[in-house]
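S.K.: First the structure, which I've put down as structure tokens, then a few questions once you've had a look.
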Amino acid sequence: MADVPTRSPLAPRRTVHAGDGVAWLESASLPADHAIVTSLPDASELPALGPEGWRSWFVEAAERACRAVADEAVAIFYQTDVKRDGRWVDKAFLVQLAAERAGSGLLWHKIVCRVAPGTTTFGRPAYAHLLCVSRGLRLLPGQSSPDVLPVPGAMTWPRAMPLEACAAAARFLLAHTRCRAVVDPFCGLGSMLAVANAHGLDAIGVELSRQRAERARALALPAA
Ligand SMILES: C[S@@+](CC[C@H](N)C(=O)[O-])C[C@H]1O[C@@H](n2cnc3c(N)ncnc32)[C@H](O)[C@@H]1O
């Protein structure tokens, strides 16, 4: 795996590995100041697995992500449901199944509006899930933040985690955890890594596609 830090030691660091995020998670036992923030690939990105194979893969990979973080750290997942054969595949349910297997509990579940509320959509829903789980961390009522993100923000590509969802995750880490580094084992073009860096957090990504990994090393956010 390539291991290329792309920032000066004084700025928040970004390292992107080109490789298999699941294999990386298998070997990972992250320090307490590392959180996972990620978006696992949809079945359409892993066609060789078939729908049932993808479901097992998804739950196992999410379970590994939940287990990889330290007790007081968190794993955050951004997932969009899909409709298959006229039925919804609820990825929030799959993440919670994985979390339960890992002994983690749900700290919050936010809805990210992908289009304006009230809009009818076909195939993919108008919302996405942003879920945060932890084995040891608990939140007091005063540590709440909005449950609904009305505007998703820009997306670097159609499968990207929207920038407002990335920013909500980064703000939560800074305000309510000791996590000061973000790990995204399925980092795509690196939206979460770039937003983490913009918030002063170090970032580590893993991406199967060498081309995307290369772009994730260099991704700069659009000017606000
Ligand atoms: C939903 S996209 C993530 C998008 C990313 N959050 C962004 O904003 O660009 C899932 C990514 O996982 C990658 N992927 C699929 N299988 C993988 C694996 N086993 N290990 C690492 N990356 C993988 C895909 O190439 C794709 O870029």
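Ordering of the structure tokens sets the chain letters (A, B, ...); residue numbers start at 1 within each chain; ligands are numbered from 1 in the order shown.
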How would you write, as JSON, numbers by chain, the set of residues no farther than 8 Å from ligand 1 when counting only C-alpha atoms and all ligand atoms?
M.R.: {"A": [18, 19, 20, 21, 22, 23, 38, 39, 40, 41, 42, 45, 46, 78, 79, 155, 156, 157, 159, 160, 161, 162, 184, 185, 186, 187, 188, 189, 190, 191, 192, 206, 207, 208, 209, 212, 216]}
S.K.: Excluding Ala223 in chain A and residues on its chain fewer than 3 positions from it, collect all residues at most 12 Å away from it, counting only C-alpha atoms, and give them as a list in words.
M.R.: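 Within the cut-off, the hits are Ala154, Leu163, Ala198 and Ala220 of chain A.
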S.K.: Using all heavy atoms, can you export the residues from the last selection as a compact mmCIF listing (two decimals), in the first residue's frame?
M.R.:
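In the end it all went to selection.txt:
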```
# COMPACT_ATOMS: atom_id res chain seq x y z
N ALA A 154 -22.31 20.96 -1.16
CA ALA A 154 -21.77 20.49 -2.44
C ALA A 154 -21.29 19.05 -2.33
O ALA A 154 -20.97 18.56 -1.25
CB ALA A 154 -20.61 21.39 -2.85
N LEU A 163 -20.72 17.95 1.55
CA LEU A 163 -19.79 18.67 2.43
C LEU A 163 -20.43 19.12 3.75
O LEU A 163 -19.76 19.17 4.77
CB LEU A 163 -19.20 19.86 1.68
CG LEU A 163 -18.34 19.48 0.46
CD1 LEU A 163 -17.72 20.73 -0.16
CD2 LEU A 163 -17.27 18.45 0.81
N ALA A 198 -9.73 20.81 6.97
CA ALA A 198 -10.18 22.21 7.06
C ALA A 198 -10.60 22.57 8.49
O ALA A 198 -10.60 23.74 8.86
CB ALA A 198 -11.33 22.45 6.09
N ALA A 220 -8.92 19.58 -2.89
CA ALA A 220 -9.05 20.86 -2.20
C ALA A 220 -10.53 21.22 -2.21
O ALA A 220 -11.24 20.96 -3.19
CB ALA A 220 -8.24 21.92 -2.91
```
S.K.: Skipping near chain neighbours, those fewer than 6 positions away, what residues fall within 8 Å of range 112-125 of chain A using only C-alpha atoms, listed as a PyMOL selection string?
M.R.: chain A and resi 80-83+148-152+165
S.K.: Compare A:Ala65, A:Leu221, A:Arg138, A:Arg14 by their minimum atom-to-atom distance to Gly153 in chain A, counting only C-alpha atoms, and give me the closest one.
M.R.: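 Between A:Ala65, A:Leu221, A:Arg138, A:Arg14, the residue approaching Gly153 in chain A most closely is A:Leu221.
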S.K.: Which of range 69-139 of chain A counts as alpha helix (DSSP H) under DSSP, as a list in words please?
M.R.: Lys91, Ala92, Phe93, Leu94, Val95, Gln96, Leu97, Ala98, Ala99, Glu100, Arg101 and Ala102 of chain A
S.K.: Please, what distance in Å, to one decimal, runs between CA of Asp33 in chain A and CA of Thr177 in chain A?
M.R.: 8.3 Å
S.K.: Find the residues around Ala43 in chain A up to 8 Å (only C-alpha atoms counted), leave out those fewer than 5 positions away in its own chain, and share them as number ranges by chain.
M.R.: A: 49-51, 54-55
S.K.: Do a neighbour search on Cys66 in chain A at 9 Å with only C-alpha atoms, toss out local chain neighbours closer than 3 positions, and write the hits as a PDB file with all heavy atoms, in the first residue's frame.
M.R.:
```
ATOM      1  N   ILE A  36     -13.689   7.010  13.110  1.00  0.00           N
ATOM      2  CA  ILE A  36     -13.964   6.632  11.727  1.00  0.00           C
ATOM      3  C   ILE A  36     -15.155   7.450  11.251  1.00  0.00           C
ATOM      4  O   ILE A  36     -16.166   7.550  11.957  1.00  0.00           O
ATOM      5  CB  ILE A  36     -14.248   5.116  11.619  1.00  0.00           C
ATOM      6  CG1 ILE A  36     -12.923   4.343  11.772  1.00  0.00           C
ATOM      7  CG2 ILE A  36     -14.927   4.770  10.289  1.00  0.00           C
ATOM      8  CD1 ILE A  36     -13.022   2.855  11.632  1.00  0.00           C
ATOM      9  N   ALA A  61     -18.323  -5.289   7.145  1.00  0.00           N
ATOM     10  CA  ALA A  61     -17.395  -4.151   7.048  1.00  0.00           C
ATOM     11  C   ALA A  61     -17.769  -3.080   8.080  1.00  0.00           C
ATOM     12  O   ALA A  61     -16.894  -2.499   8.736  1.00  0.00           O
ATOM     13  CB  ALA A  61     -17.419  -3.569   5.642  1.00  0.00           C
ATOM     14  N   ALA A  62     -19.069  -2.820   8.236  1.00  0.00           N
ATOM     15  CA  ALA A  62     -19.495  -1.806   9.219  1.00  0.00           C
ATOM     16  C   ALA A  62     -19.172  -2.281  10.641  1.00  0.00           C
ATOM     17  O   ALA A  62     -18.769  -1.483  11.496  1.00  0.00           O
ATOM     18  CB  ALA A  62     -20.991  -1.533   9.066  1.00  0.00           C
ATOM     19  N   GLU A  63     -19.332  -3.592  10.876  1.00  0.00           N
ATOM     20  CA  GLU A  63     -18.983  -4.133  12.204  1.00  0.00           C
ATOM     21  C   GLU A  63     -17.490  -3.935  12.477  1.00  0.00           C
ATOM     22  O   GLU A  63     -17.091  -3.533  13.567  1.00  0.00           O
ATOM     23  CB  GLU A  63     -19.355  -5.616  12.280  1.00  0.00           C
ATOM     24  CG  GLU A  63     -19.031  -6.230  13.633  1.00  0.00           C
ATOM     25  CD  GLU A  63     -19.335  -7.711  13.710  1.00  0.00           C
ATOM     26  OE1 GLU A  63     -20.052  -8.246  12.838  1.00  0.00           O
ATOM     27  OE2 GLU A  63     -18.831  -8.346  14.663  1.00  0.00           O
ATOM     28  N   VAL A  69     -12.538   1.315  16.322  1.00  0.00           N
ATOM     29  CA  VAL A  69     -12.323   2.523  17.134  1.00  0.00           C
ATOM     30  C   VAL A  69     -12.242   2.161  18.617  1.00  0.00           C
ATOM     31  O   VAL A  69     -12.800   1.155  19.063  1.00  0.00           O
ATOM     32  CB  VAL A  69     -13.425   3.595  16.908  1.00  0.00           C
ATOM     33  CG1 VAL A  69     -13.403   4.101  15.478  1.00  0.00           C
ATOM     34  CG2 VAL A  69     -14.807   3.054  17.265  1.00  0.00           C
ATOM     35  N   ALA A  70     -11.537   3.003  19.368  1.00  0.00           N
ATOM     36  CA  ALA A  70     -11.403   2.795  20.814  1.00  0.00           C
ATOM     37  C   ALA A  70     -12.759   2.977  21.504  1.00  0.00           C
ATOM     38  O   ALA A  70     -13.682   3.576  20.938  1.00  0.00           O
ATOM     39  CB  ALA A  70     -10.382   3.780  21.377  1.00  0.00           C
ATOM     40  N   VAL A  74     -15.685   7.225  18.321  1.00  0.00           N
ATOM     41  CA  VAL A  74     -16.944   7.002  17.596  1.00  0.00           C
ATOM     42  C   VAL A  74     -16.672   6.544  16.164  1.00  0.00           C
ATOM     43  O   VAL A  74     -15.609   6.790  15.607  1.00  0.00           O
ATOM     44  CB  VAL A  74     -17.811   8.288  17.544  1.00  0.00           C
ATOM     45  CG1 VAL A  74     -18.197   8.739  18.936  1.00  0.00           C
ATOM     46  CG2 VAL A  74     -17.111   9.412  16.781  1.00  0.00           C
ATOM     47  N   ALA A  75     -17.679   5.880  15.598  1.00  0.00           N
ATOM     48  CA  ALA A  75     -17.700   5.598  14.165  1.00  0.00           C
ATOM     49  C   ALA A  75     -18.951   6.269  13.607  1.00  0.00           C
ATOM     50  O   ALA A  75     -20.046   6.131  14.172  1.00  0.00           O
ATOM     51  CB  ALA A  75     -17.729   4.100  13.903  1.00  0.00           C
ATOM     52  N   ILE A  76     -18.779   7.016  12.531  1.00  0.00           N
ATOM     53  CA  ILE A  76     -19.887   7.760  11.914  1.00  0.00           C
ATOM     54  C   ILE A  76     -20.050   7.275  10.473  1.00  0.00           C
ATOM     55  O   ILE A  76     -19.057   7.147   9.742  1.00  0.00           O
ATOM     56  CB  ILE A  76     -19.613   9.280  11.955  1.00  0.00           C
ATOM     57  CG1 ILE A  76     -19.505   9.764  13.405  1.00  0.00           C
ATOM     58  CG2 ILE A  76     -20.703  10.057  11.219  1.00  0.00           C
ATOM     59  CD1 ILE A  76     -19.158  11.239  13.581  1.00  0.00           C
ATOM     60  N   ALA A  98     -24.871  -3.957  12.485  1.00  0.00           N
ATOM     61  CA  ALA A  98     -23.416  -4.087  12.631  1.00  0.00           C
ATOM     62  C   ALA A  98     -22.974  -3.542  13.989  1.00  0.00           C
ATOM     63  O   ALA A  98     -22.147  -4.149  14.686  1.00  0.00           O
ATOM     64  CB  ALA A  98     -22.726  -3.317  11.506  1.00  0.00           C
ATOM     65  N   ALA A  99     -23.529  -2.394  14.371  1.00  0.00           N
ATOM     66  CA  ALA A  99     -23.147  -1.767  15.636  1.00  0.00           C
ATOM     67  C   ALA A  99     -23.499  -2.686  16.805  1.00  0.00           C
ATOM     68  O   ALA A  99     -22.707  -2.866  17.741  1.00  0.00           O
ATOM     69  CB  ALA A  99     -23.849  -0.416  15.781  1.00  0.00           C
ATOM     70  N   ALA A 102     -21.100  -5.354  17.253  1.00  0.00           N
ATOM     71  CA  ALA A 102     -19.817  -4.878  17.773  1.00  0.00           C
ATOM     72  C   ALA A 102     -19.926  -4.395  19.217  1.00  0.00           C
ATOM     73  O   ALA A 102     -18.936  -3.959  19.803  1.00  0.00           O
ATOM     74  CB  ALA A 102     -19.297  -3.750  16.888  1.00  0.00           C
ATOM     75  N   GLY A 103     -21.131  -4.436  19.782  1.00  0.00           N
ATOM     76  CA  GLY A 103     -21.320  -3.965  21.157  1.00  0.00           C
ATOM     77  C   GLY A 103     -21.393  -2.449  21.239  1.00  0.00           C
ATOM     78  O   GLY A 103     -21.167  -1.870  22.308  1.00  0.00           O
ATOM     79  N   SER A 104     -21.709  -1.796  20.127  1.00  0.00           N
ATOM     80  CA  SER A 104     -21.800  -0.328  20.106  1.00  0.00           C
ATOM     81  C   SER A 104     -23.260   0.107  20.154  1.00  0.00           C
ATOM     82  O   SER A 104     -24.149  -0.628  19.724  1.00  0.00           O
ATOM     83  CB  SER A 104     -21.177   0.228  18.816  1.00  0.00           C
ATOM     84  OG  SER A 104     -19.838  -0.167  18.700  1.00  0.00           O
ATOM     85  N   VAL A 133     -22.063   5.938  16.220  1.00  0.00           N
ATOM     86  CA  VAL A 133     -22.125   4.877  17.231  1.00  0.00           C
ATOM     87  C   VAL A 133     -20.824   4.837  18.027  1.00  0.00           C
ATOM     88  O   VAL A 133     -19.779   5.265  17.553  1.00  0.00           O
ATOM     89  CB  VAL A 133     -22.408   3.491  16.597  1.00  0.00           C
ATOM     90  CG1 VAL A 133     -23.665   3.520  15.744  1.00  0.00           C
ATOM     91  CG2 VAL A 133     -21.227   3.005  15.774  1.00  0.00           C
ATOM     92  N   SER A 134     -20.935   4.314  19.233  1.00  0.00           N
ATOM     93  CA  SER A 134     -19.757   4.180  20.102  1.00  0.00           C
ATOM     94  C   SER A 134     -20.016   3.063  21.102  1.00  0.00           C
ATOM     95  O   SER A 134     -21.165   2.813  21.469  1.00  0.00           O
ATOM     96  CB  SER A 134     -19.526   5.501  20.846  1.00  0.00           C
ATOM     97  OG  SER A 134     -18.464   5.370  21.776  1.00  0.00           O
ATOM     98  N   ARG A 135     -18.944   2.416  21.534  1.00  0.00           N
ATOM     99  CA  ARG A 135     -19.114   1.414  22.607  1.00  0.00           C
ATOM    100  C   ARG A 135     -19.190   2.097  23.972  1.00  0.00           C
ATOM    101  O   ARG A 135     -20.036   1.770  24.789  1.00  0.00           O
ATOM    102  CB  ARG A 135     -17.944   0.426  22.609  1.00  0.00           C
ATOM    103  CG  ARG A 135     -18.026  -0.641  21.563  1.00  0.00           C
ATOM    104  CD  ARG A 135     -16.981  -1.723  21.780  1.00  0.00           C
ATOM    105  NE  ARG A 135     -15.643  -1.180  21.855  1.00  0.00           N
ATOM    106  CZ  ARG A 135     -14.942  -0.787  20.794  1.00  0.00           C
ATOM    107  NH1 ARG A 135     -15.462  -0.884  19.590  1.00  0.00           N
ATOM    108  NH2 ARG A 135     -13.723  -0.300  20.936  1.00  0.00           N
TER     109      ARG A 135
END
```
S.K.: What are the DSSP strand (DSSP E) residues of range 37-221 of chain A, as JSON, numbers by chain?
M.R.: {"A": [37, 38, 75, 76, 77, 78, 79, 82, 83, 84, 87, 88, 89, 105, 106, 107, 108, 109, 110, 111, 112, 113, 127, 128, 129, 130, 131, 132, 133, 134, 148, 149, 181, 182, 183, 184, 202, 203, 204, 205, 206, 207]}
